[in-house]
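**Student:** Have a look at this one before I ask anything.
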Amino acid sequence: MNEATEFGTAFVTGGSGYLGRNLIRHLRERGVAVRALARSAAARATVEALGAAAVAGDLGDAAALAAGMRGCDVVFHCAASVSQWNDEAGAYAANVAGTEAALAASQAAGVPRFIHVSTEAVLAGGEQIVQATEAAPLPDRPVGLYPRTKGLAERRVLAAVGPDLAAVIVRPRLIWGNDDTTMLAALAEAVSKGRFMWFGGGRYLTSTAHVDNVCAGLIAAAERGRPGEIYFITDGEPIELRAFLTSLLATRGVEPGRRSIPRWLGRLIAAGGERIWRALRLPGEPPLTRATFNLIGGEVTVRDDKARRELGYAPVISRAAGLAALRAGSAKEVSGA
């Protein structure tokens with residue numbers, strides 16, 4: 001079992017999601033009692049199987065939120081919509097109004113600490129993100145629903161900081177690892193359907209954050225994060241995107257191929273596709289949005305020096321070990337073990 005934490009009871013939103021599931025597991029391994037918001041029977045079953053007490057309701061249910069949070073030492077707000085296209089109202093409701101509701105419930109319930117899960121995407125304004133620190137300002141015109149609404153959510157969190165609520169923001173970059181039902185599955189599907197391609201050969205750097213490292217960073221932020229501060233969490237030194245994604249897909253026996261287009265053409269396709277979809281009111285979303293291109297079509301590197309210095313954060317798993325674990329898990333699935 002991992003060492004005990006400095007808090008006894010935690011409330012988690014988004015507990016049935018990828019990050020939430022892993023966070024509950026890490027908290028329970030440290031002896032923390034966990035309550036998790038569950039808006040469906042399936043979500044309830046998921047969080048209860050992990051050892052959390054399910055709290056029926058959603059982010060729009062103020063009474064359920066406050067009642068579930070009462071007596072907790074910390075709230076981890078993991079719930080979010082990652083939509084990049086078209087559903088403006090839905091993205092705002094989930095990421096901005098949902099954060100407002102979680103903050104209000106925390107204050108009503110007297111929870112002293114609030115850890116908000118954000119993203120490096122809040123810095124997406126059209127240019128590459130290169131060795132960014134927490135001091136980098138949010139762009140005046142963020143590109144895409146997700147960057148825009150998550151940026152607005154951050155502003156709400158910082159505005160809520162006060163004598164009775166120590167709110168902290170944690171920004172992971174490119175979460176991956178065990179139990180991944182999001183990014184790895186989407187990449188493998190894109191390859192299988194012939195939709196995957198590199199931009200500029202994929203020969204640029206990216207930061208990454210294994211889900212176990214993200215959970216370690218969130219717990220460290222809950223214990224030692226300074227109110228009103230922002231912390232990036234990564235696996236350490238950046239890695240070439242092509243090398244990383246090729247290794248990641250290989251854990252599932254998938255080869256991404258060499259198909260590539262210049263970065264300038266990718267940017268043009270994303271912008272042109274959005275214009276066509278809007279003009280013709282086409283269903284679904286364009287094959288490539290500007291927001292997606294900004295986050296995978298060029299360098300996105302961030303520094304976690306501040307988290308290491310102030311939180312005592314250090315990765316608990318290396319990329320090599322994380323990839324090995326994924327390969328081992330895939331082998332077990334194939335063998336039926």
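Within each chain, counting starts at residue 1; across the structure tokens, chains are named A, B, ... in the order shown, with ligands numbered 1 upward in that order.
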Excluding Ala216 of chain A and residues on its chain fewer than 2 positions from it, collect all residues at most 10 Å away from it, counting only C-alpha atoms, and give them as a list of chain:residue names.

**Tutor:** A:Leu23, A:His26, A:Leu27, A:His210, A:Val211, A:Asp212, A:Asn213, A:Val214, A:Leu218, A:Ile219, A:Ala220, A:Ala221, A:Ala222, A:Ile233, A:Tyr313, A:Ala314, A:Pro315, A:Val316, A:Ile317

**Student:** Once you count only C-alpha atoms, what closest atom pair and distance in Å to one decimal does each residue of segment 54-121 of chain A within 12 Å of segment 127-139 of chain A have, with rows by chain and rising residue number, as a Markdown table?

**Tutor:**
```
| residue | atom | partner | partner_atom | distance |
| --- | --- | --- | --- | --- |
| A:Ser118 | CA | A:Glu134 | CA | 12.0 |
| A:Thr119 | CA | A:Glu134 | CA | 11.2 |
| A:Glu120 | CA | A:Ile129 | CA | 8.8 |
| A:Ala121 | CA | A:Ile129 | CA | 9.3 |
```

**Student:** Between A:Thr208, A:Thr234, A:Ser260, A:Gln84, which residue has the minimum interatomic distance to Thr289 of chain A, considering only C-alpha atoms?

**Tutor:**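 Of all the options, A:Gln84 lies closest to Thr289 of chain A.
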
**Student:** Go through A:Met69, A:Val191, A:Val96, A:Ile24 one by one, measure the shortest atom-to-atom distance of each to Leu50 of chain A using only C-alpha atoms, and give the residue with the smallest value.

**Tutor:** A:Ile24

**Student:** Quick one: residues within 9 Å of Ser207 of chain A, only C-alpha atoms, excluding same-chain residues fewer than 6 positions away - as a PDB file with C-alpha atoms, in the first residue's frame?

**Tutor:**
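The resulting file, selection.pdb, is reproduced below:
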```pdb
ATOM      1  CA  ARG A 173      -0.531  17.338 -20.673  1.00  0.00           C
ATOM      2  CA  LEU A 174      -1.595  14.350 -22.817  1.00  0.00           C
ATOM      3  CA  THR A 234       4.345  15.809 -16.833  1.00  0.00           C
ATOM      4  CA  ASP A 235       6.391  12.619 -17.173  1.00  0.00           C
ATOM      5  CA  GLY A 236       9.587  14.667 -17.272  1.00  0.00           C
ATOM      6  CA  GLU A 237      11.624  15.585 -20.332  1.00  0.00           C
ATOM      7  CA  PRO A 238       9.625  15.980 -23.580  1.00  0.00           C
ATOM      8  CA  ILE A 239       9.716  13.294 -26.249  1.00  0.00           C
ATOM      9  CA  GLU A 240       9.266  13.388 -30.026  1.00  0.00           C
ATOM     10  CA  LEU A 241       5.537  13.000 -30.709  1.00  0.00           C
ATOM     11  CA  GLU A 299       5.196  21.253 -30.433  1.00  0.00           C
ATOM     12  CA  VAL A 300       3.337  21.299 -27.114  1.00  0.00           C
ATOM     13  CA  THR A 301       5.812  21.267 -24.249  1.00  0.00           C
ATOM     14  CA  VAL A 302       5.311  22.493 -20.699  1.00  0.00           C
ATOM     15  CA  ARG A 303       7.562  22.633 -17.644  1.00  0.00           C
TER      16      ARG A 303
END
```

**Student:** Go through A:Ala102, A:Arg39, A:Gly298, A:His116 one by one, measure the shortest atom-to-atom distance of each to Leu205 of chain A using only C-alpha atoms, and give the residue with the smallest value.

**Tutor:**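 Smallest distance to Leu205 of chain A is found for A:Gly298.
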
**Student:** Between A:Ile230, A:Ala271, A:Ala38, A:Ala166, which one has atoms that come closest to Val122 of chain A, using only C-alpha atoms?

**Tutor:**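 For Val122 of chain A, the nearest of the candidates is A:Ile230.
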
**Student:** Determine which residues of segment 77-277 of chain A DSSP labels as strand (DSSP E or B) from the backbone of this structure, then write them out as a PDB file with C-alpha atoms, in the first residue's frame.

**Tutor:**
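Writing done, so here's selection-v6.pdb:
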```
ATOM      1  CA  HIS A  77     -12.989  18.258  -9.772  1.00  0.00           C
ATOM      2  CA  ARG A 113      -9.564  22.524  -0.369  1.00  0.00           C
ATOM      3  CA  PHE A 114     -10.559  22.306  -4.040  1.00  0.00           C
ATOM      4  CA  ILE A 115      -8.322  20.749  -6.699  1.00  0.00           C
ATOM      5  CA  HIS A 116      -9.349  21.621 -10.240  1.00  0.00           C
ATOM      6  CA  VAL A 117      -8.162  19.433 -13.111  1.00  0.00           C
ATOM      7  CA  ILE A 129       3.307  25.869 -27.091  1.00  0.00           C
ATOM      8  CA  VAL A 130       7.028  25.680 -26.323  1.00  0.00           C
ATOM      9  CA  GLN A 131       8.409  25.058 -22.828  1.00  0.00           C
ATOM     10  CA  ALA A 132       5.481  26.906 -21.300  1.00  0.00           C
ATOM     11  CA  GLY A 162     -10.531  32.944  -0.287  1.00  0.00           C
ATOM     12  CA  LEU A 165     -11.480  27.811   0.160  1.00  0.00           C
ATOM     13  CA  ALA A 166      -7.936  26.963  -0.899  1.00  0.00           C
ATOM     14  CA  ALA A 167      -8.416  26.259  -4.609  1.00  0.00           C
ATOM     15  CA  VAL A 168      -5.557  24.912  -6.726  1.00  0.00           C
ATOM     16  CA  ILE A 169      -5.326  24.210 -10.475  1.00  0.00           C
ATOM     17  CA  VAL A 170      -3.447  21.231 -11.925  1.00  0.00           C
ATOM     18  CA  ARG A 171      -2.707  21.025 -15.664  1.00  0.00           C
ATOM     19  CA  PRO A 172      -1.634  17.627 -17.049  1.00  0.00           C
ATOM     20  CA  ILE A 175      -2.794  11.814 -20.232  1.00  0.00           C
ATOM     21  CA  TRP A 176      -2.049   8.194 -21.136  1.00  0.00           C
ATOM     22  CA  TRP A 198       1.434  12.790 -39.280  1.00  0.00           C
ATOM     23  CA  PHE A 199       1.828  16.548 -39.587  1.00  0.00           C
ATOM     24  CA  LEU A 205       8.409  17.510 -29.185  1.00  0.00           C
ATOM     25  CA  THR A 206       5.529  16.890 -26.830  1.00  0.00           C
ATOM     26  CA  ALA A 209       1.655  12.679 -18.393  1.00  0.00           C
ATOM     27  CA  HIS A 210       1.055   9.055 -17.419  1.00  0.00           C
ATOM     28  CA  ILE A 230      -1.379  26.543 -11.069  1.00  0.00           C
ATOM     29  CA  TYR A 231       0.845  23.481 -11.538  1.00  0.00           C
ATOM     30  CA  PHE A 232       1.799  21.582 -14.705  1.00  0.00           C
ATOM     31  CA  ILE A 233       2.275  17.825 -14.335  1.00  0.00           C
ATOM     32  CA  ILE A 239       9.716  13.294 -26.249  1.00  0.00           C
ATOM     33  CA  GLU A 240       9.266  13.388 -30.026  1.00  0.00           C
ATOM     34  CA  SER A 260       2.311  12.684 -43.558  1.00  0.00           C
ATOM     35  CA  ILE A 261       1.405  16.138 -44.786  1.00  0.00           C
TER      36      ILE A 261
END
```

**Student:** Ranking A:Ser318, A:Thr251, A:Thr99, A:Ser106 by minimum distance to Asp180 of chain A and counting only C-alpha atoms, which one comes first?

**Tutor:**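 For Asp180 of chain A, the nearest of the given residues is A:Thr251.
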
**Student:** Go through A:Ala62, A:Val254, A:Ala93, A:Leu288 and flag the residue nearest Leu268 of chain A, using only C-alpha atoms for the distances.

**Tutor:** A:Leu288

**Student:** Extract, using only C-alpha atoms, all DNA, RNA and protein residues at most 9 Å from Gly15 of chain A, discarding same-chain residues fewer than 6 positions from it, and format them as a PyMOL selection string.

**Tutor:** chain A and resi 21-24+35-38+43+46-47+52+78-79

**Student:** If we count only C-alpha atoms and set the cut-off at 12 Å, which residues sit around Pro163 of chain A, ignoring sequence neighbours fewer than 3 positions away in its own chain? Please answer as number ranges by chain.

**Tutor:** A: 107, 110-113, 160, 166-167, 227-228

**Student:** Applying 10 Å and only C-alpha atoms, which residues near Ala67 of chain A remain after dropping the ones on its own chain fewer than 2 positions away? List them as an MDAnalysis selection string.

**Tutor:** chainID A and resid 55 62:65 69:71 105:106 108:109

**Student:** Keeping only C-alpha atoms, write those residues as a short mmCIF file (atom, residue, chain, number, x, y, z; two decimals), in the first residue's frame.

**Tutor:**
```
data_model
loop_
_atom_site.label_atom_id
_atom_site.label_comp_id
_atom_site.auth_asym_id
_atom_site.auth_seq_id
_atom_site.Cartn_x
_atom_site.Cartn_y
_atom_site.Cartn_z
CA VAL A 55 -23.34 10.07 -4.52
CA ALA A 62 -26.67 21.63 -5.94
CA ALA A 63 -28.27 19.83 -3.01
CA ALA A 64 -26.75 16.46 -3.89
CA LEU A 65 -23.34 18.02 -4.39
CA MET A 69 -19.26 16.97 0.00
CA ARG A 70 -20.18 17.68 3.61
CA GLY A 71 -17.44 16.42 5.91
CA ALA A 105 -21.15 23.30 -3.32
CA SER A 106 -17.66 23.08 -1.82
CA ALA A 108 -21.65 25.52 1.06
CA ALA A 109 -20.37 22.24 2.50
#
```

**Student:** I'd like the interatomic distance between atom CA of Val157 of chain A and atom CA of Val75 of chain A, to a tenth of an Å.

**Tutor:**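 Taking atom CA of Val157 of chain A as the start and atom CA of Val75 of chain A as the end point, the length is 12.4 Å.
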
**Student:** From the DSSP assignment of the backbone, select every residue of segment 207-294 of chain A that is helix (DSSP H, G or I), and format the answer as number ranges by chain.

**Tutor:** A: 211-224, 241-250, 263-280, 290-294

**Student:** Once you have the residues from the selection above, write them out as a short mmCIF file (atom, residue, chain, number, x, y, z; two decimals), in the first residue's frame, restricted to N, CA and C atoms.

**Tutor:**
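Output contents, as saved in result.cif:
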```
data_model
loop_
_atom_site.label_atom_id
_atom_site.label_comp_id
_atom_site.auth_asym_id
_atom_site.auth_seq_id
_atom_site.Cartn_x
_atom_site.Cartn_y
_atom_site.Cartn_z
N VAL A 211 -1.10 8.54 -16.44
CA VAL A 211 -2.21 8.75 -15.51
C VAL A 211 -1.79 8.56 -14.06
N ASP A 212 -0.86 7.64 -13.80
CA ASP A 212 -0.38 7.46 -12.42
C ASP A 212 0.37 8.69 -11.94
N ASN A 213 1.12 9.32 -12.84
CA ASN A 213 1.82 10.55 -12.47
C ASN A 213 0.85 11.70 -12.24
N VAL A 214 -0.20 11.76 -13.04
CA VAL A 214 -1.22 12.79 -12.84
C VAL A 214 -1.87 12.63 -11.47
N CYS A 215 -2.22 11.40 -11.12
CA CYS A 215 -2.84 11.16 -9.82
C CYS A 215 -1.90 11.55 -8.69
N ALA A 216 -0.62 11.22 -8.83
CA ALA A 216 0.37 11.61 -7.82
C ALA A 216 0.44 13.13 -7.69
N GLY A 217 0.39 13.81 -8.84
CA GLY A 217 0.42 15.27 -8.83
C GLY A 217 -0.81 15.88 -8.19
N LEU A 218 -1.98 15.30 -8.46
CA LEU A 218 -3.22 15.80 -7.86
C LEU A 218 -3.20 15.65 -6.35
N ILE A 219 -2.73 14.50 -5.88
CA ILE A 219 -2.67 14.27 -4.44
C ILE A 219 -1.66 15.20 -3.79
N ALA A 220 -0.52 15.41 -4.45
CA ALA A 220 0.47 16.35 -3.93
C ALA A 220 -0.09 17.77 -3.88
N ALA A 221 -0.89 18.14 -4.88
CA ALA A 221 -1.51 19.47 -4.89
C ALA A 221 -2.50 19.61 -3.75
N ALA A 222 -3.23 18.53 -3.45
CA ALA A 222 -4.18 18.56 -2.34
C ALA A 222 -3.47 18.72 -1.00
N GLU A 223 -2.29 18.17 -0.91
CA GLU A 223 -1.55 18.22 0.35
C GLU A 223 -0.73 19.50 0.51
N ARG A 224 -0.13 19.96 -0.59
CA ARG A 224 0.85 21.04 -0.46
C ARG A 224 0.67 22.20 -1.43
N LEU A 241 6.91 13.50 -30.62
CA LEU A 241 5.54 13.00 -30.71
C LEU A 241 5.46 11.71 -31.51
N ARG A 242 6.15 11.67 -32.66
CA ARG A 242 6.08 10.48 -33.50
C ARG A 242 6.60 9.24 -32.77
N ALA A 243 7.72 9.41 -32.08
CA ALA A 243 8.30 8.28 -31.35
C ALA A 243 7.36 7.81 -30.25
N PHE A 244 6.75 8.75 -29.55
CA PHE A 244 5.87 8.38 -28.45
C PHE A 244 4.61 7.68 -28.94
N LEU A 245 3.92 8.28 -29.93
CA LEU A 245 2.67 7.67 -30.40
C LEU A 245 2.93 6.33 -31.08
N THR A 246 4.05 6.21 -31.78
CA THR A 246 4.38 4.93 -32.40
C THR A 246 4.56 3.85 -31.34
N SER A 247 5.26 4.18 -30.26
CA SER A 247 5.44 3.23 -29.16
C SER A 247 4.13 2.93 -28.46
N LEU A 248 3.31 3.95 -28.29
CA LEU A 248 2.03 3.77 -27.62
C LEU A 248 1.12 2.84 -28.43
N LEU A 249 1.01 3.08 -29.73
CA LEU A 249 0.17 2.23 -30.58
C LEU A 249 0.73 0.81 -30.68
N ALA A 250 2.04 0.68 -30.61
CA ALA A 250 2.65 -0.65 -30.69
C ALA A 250 2.23 -1.54 -29.53
N ARG A 263 2.83 20.72 -42.12
CA ARG A 263 2.06 21.37 -41.06
C ARG A 263 1.18 22.48 -41.62
N TRP A 264 1.70 23.23 -42.60
CA TRP A 264 0.91 24.34 -43.13
C TRP A 264 -0.36 23.82 -43.80
N LEU A 265 -0.25 22.64 -44.42
CA LEU A 265 -1.43 22.07 -45.08
C LEU A 265 -2.43 21.56 -44.04
N GLY A 266 -1.93 20.99 -42.96
CA GLY A 266 -2.82 20.55 -41.89
C GLY A 266 -3.59 21.72 -41.31
N ARG A 267 -2.91 22.84 -41.10
CA ARG A 267 -3.57 24.03 -40.57
C ARG A 267 -4.64 24.53 -41.54
N LEU A 268 -4.33 24.48 -42.84
CA LEU A 268 -5.28 24.92 -43.86
C LEU A 268 -6.50 24.00 -43.91
N ILE A 269 -6.27 22.70 -43.82
CA ILE A 269 -7.37 21.74 -43.85
C ILE A 269 -8.30 21.95 -42.65
N ALA A 270 -7.71 22.17 -41.47
CA ALA A 270 -8.51 22.38 -40.26
C ALA A 270 -9.38 23.63 -40.38
N ALA A 271 -8.78 24.72 -40.81
CA ALA A 271 -9.54 25.98 -40.92
C ALA A 271 -10.60 25.88 -42.02
N GLY A 272 -10.21 25.30 -43.17
CA GLY A 272 -11.17 25.17 -44.27
C GLY A 272 -12.31 24.24 -43.93
N GLY A 273 -12.01 23.14 -43.26
CA GLY A 273 -13.05 22.20 -42.87
C GLY A 273 -14.07 22.84 -41.94
N GLU A 274 -13.59 23.63 -41.00
CA GLU A 274 -14.52 24.29 -40.08
C GLU A 274 -15.44 25.25 -40.83
N ARG A 275 -14.87 25.99 -41.78
CA ARG A 275 -15.70 26.94 -42.55
C ARG A 275 -16.78 26.20 -43.34
N ILE A 276 -16.41 25.09 -43.96
CA ILE A 276 -17.37 24.30 -44.74
C ILE A 276 -18.47 23.74 -43.84
N TRP A 277 -18.08 23.16 -42.72
CA TRP A 277 -19.07 22.57 -41.81
C TRP A 277 -20.06 23.62 -41.30
N ARG A 278 -19.54 24.82 -41.01
CA ARG A 278 -20.43 25.87 -40.52
C ARG A 278 -21.34 26.38 -41.63
N ALA A 279 -20.77 26.60 -42.80
CA ALA A 279 -21.55 27.16 -43.91
C ALA A 279 -22.66 26.21 -44.35
N LEU A 280 -22.36 24.92 -44.39
CA LEU A 280 -23.34 23.94 -44.87
C LEU A 280 -24.11 23.27 -43.74
N ARG A 290 -9.37 23.03 -35.79
CA ARG A 290 -8.19 23.85 -35.47
C ARG A 290 -7.69 23.55 -34.06
N ALA A 291 -8.61 23.30 -33.13
CA ALA A 291 -8.20 23.01 -31.75
C ALA A 291 -7.38 21.73 -31.69
N THR A 292 -7.86 20.69 -32.39
CA THR A 292 -7.12 19.43 -32.40
C THR A 292 -5.75 19.61 -33.05
N PHE A 293 -5.71 20.33 -34.18
CA PHE A 293 -4.44 20.56 -34.85
C PHE A 293 -3.47 21.30 -33.93
N ASN A 294 -3.96 22.30 -33.20
CA ASN A 294 -3.09 23.07 -32.32
C ASN A 294 -2.46 22.23 -31.22
#
```

**Student:** Determine, counting only C-alpha atoms, which protein, DNA and RNA residues have an atom within 12 Å of an atom of Ser192 of chain A; residues of the same chain fewer than 2 positions away are not included. Present the result as a VMD selection string.

**Tutor:** chain A and resid 185 to 190 194 to 197 249 252 to 257

**Student:** Filtering to N, CA and C atoms, could you give me those residues as a PDB file, in the first residue's frame?

**Tutor:**
```pdb
ATOM      1  N   ALA A 185      -7.548   4.369 -27.641  1.00  0.00           N
ATOM      2  CA  ALA A 185      -8.617   3.773 -28.445  1.00  0.00           C
ATOM      3  C   ALA A 185      -8.923   4.624 -29.668  1.00  0.00           C
ATOM      4  N   ALA A 186      -8.948   5.950 -29.484  1.00  0.00           N
ATOM      5  CA  ALA A 186      -9.242   6.851 -30.596  1.00  0.00           C
ATOM      6  C   ALA A 186      -8.141   6.812 -31.652  1.00  0.00           C
ATOM      7  N   LEU A 187      -6.895   6.750 -31.214  1.00  0.00           N
ATOM      8  CA  LEU A 187      -5.777   6.675 -32.155  1.00  0.00           C
ATOM      9  C   LEU A 187      -5.833   5.381 -32.957  1.00  0.00           C
ATOM     10  N   ALA A 188      -6.049   4.268 -32.261  1.00  0.00           N
ATOM     11  CA  ALA A 188      -6.104   2.972 -32.944  1.00  0.00           C
ATOM     12  C   ALA A 188      -7.245   2.933 -33.953  1.00  0.00           C
ATOM     13  N   GLU A 189      -8.386   3.533 -33.600  1.00  0.00           N
ATOM     14  CA  GLU A 189      -9.519   3.562 -34.521  1.00  0.00           C
ATOM     15  C   GLU A 189      -9.200   4.406 -35.751  1.00  0.00           C
ATOM     16  N   ALA A 190      -8.537   5.556 -35.538  1.00  0.00           N
ATOM     17  CA  ALA A 190      -8.168   6.418 -36.666  1.00  0.00           C
ATOM     18  C   ALA A 190      -7.240   5.684 -37.628  1.00  0.00           C
ATOM     19  N   GLY A 194      -8.003   4.417 -41.662  1.00  0.00           N
ATOM     20  CA  GLY A 194      -7.224   5.154 -42.649  1.00  0.00           C
ATOM     21  C   GLY A 194      -7.268   6.654 -42.483  1.00  0.00           C
ATOM     22  N   ARG A 195      -7.607   7.135 -41.278  1.00  0.00           N
ATOM     23  CA  ARG A 195      -7.723   8.572 -41.060  1.00  0.00           C
ATOM     24  C   ARG A 195      -6.502   9.162 -40.369  1.00  0.00           C
ATOM     25  N   PHE A 196      -5.545   8.323 -40.017  1.00  0.00           N
ATOM     26  CA  PHE A 196      -4.399   8.818 -39.259  1.00  0.00           C
ATOM     27  C   PHE A 196      -3.304   9.300 -40.208  1.00  0.00           C
ATOM     28  N   MET A 197      -2.737  10.434 -39.852  1.00  0.00           N
ATOM     29  CA  MET A 197      -1.571  10.931 -40.596  1.00  0.00           C
ATOM     30  C   MET A 197      -0.734  11.788 -39.664  1.00  0.00           C
ATOM     31  N   LEU A 249       1.005   3.079 -29.727  1.00  0.00           N
ATOM     32  CA  LEU A 249       0.172   2.230 -30.579  1.00  0.00           C
ATOM     33  C   LEU A 249       0.727   0.814 -30.679  1.00  0.00           C
ATOM     34  N   ARG A 252      -0.578  -2.025 -28.630  1.00  0.00           N
ATOM     35  CA  ARG A 252      -1.812  -2.673 -29.084  1.00  0.00           C
ATOM     36  C   ARG A 252      -1.629  -3.353 -30.443  1.00  0.00           C
ATOM     37  N   GLY A 253      -0.369  -3.489 -30.847  1.00  0.00           N
ATOM     38  CA  GLY A 253      -0.088  -4.149 -32.116  1.00  0.00           C
ATOM     39  C   GLY A 253      -0.496  -3.344 -33.320  1.00  0.00           C
ATOM     40  N   VAL A 254      -0.513  -2.025 -33.191  1.00  0.00           N
ATOM     41  CA  VAL A 254      -0.945  -1.143 -34.275  1.00  0.00           C
ATOM     42  C   VAL A 254       0.249  -0.357 -34.800  1.00  0.00           C
ATOM     43  N   GLU A 255       0.395  -0.313 -36.124  1.00  0.00           N
ATOM     44  CA  GLU A 255       1.459   0.443 -36.787  1.00  0.00           C
ATOM     45  C   GLU A 255       0.841   1.662 -37.461  1.00  0.00           C
ATOM     46  N   PRO A 256       1.226   2.892 -37.054  1.00  0.00           N
ATOM     47  CA  PRO A 256       0.579   4.091 -37.585  1.00  0.00           C
ATOM     48  C   PRO A 256       0.932   4.427 -39.028  1.00  0.00           C
ATOM     49  N   GLY A 257       1.993   3.885 -39.556  1.00  0.00           N
ATOM     50  CA  GLY A 257       2.374   4.175 -40.927  1.00  0.00           C
ATOM     51  C   GLY A 257       3.159   5.464 -41.062  1.00  0.00           C
TER      52      GLY A 257
END
```

**Student:** Could you state the separation of atom CA of Ile296 of chain A and atom CA of Ala80 of chain A in Å, given to one decimal place?

**Tutor:**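 According to the coordinates, atom CA of Ile296 of chain A and atom CA of Ala80 of chain A are separated by 19.9 Å.
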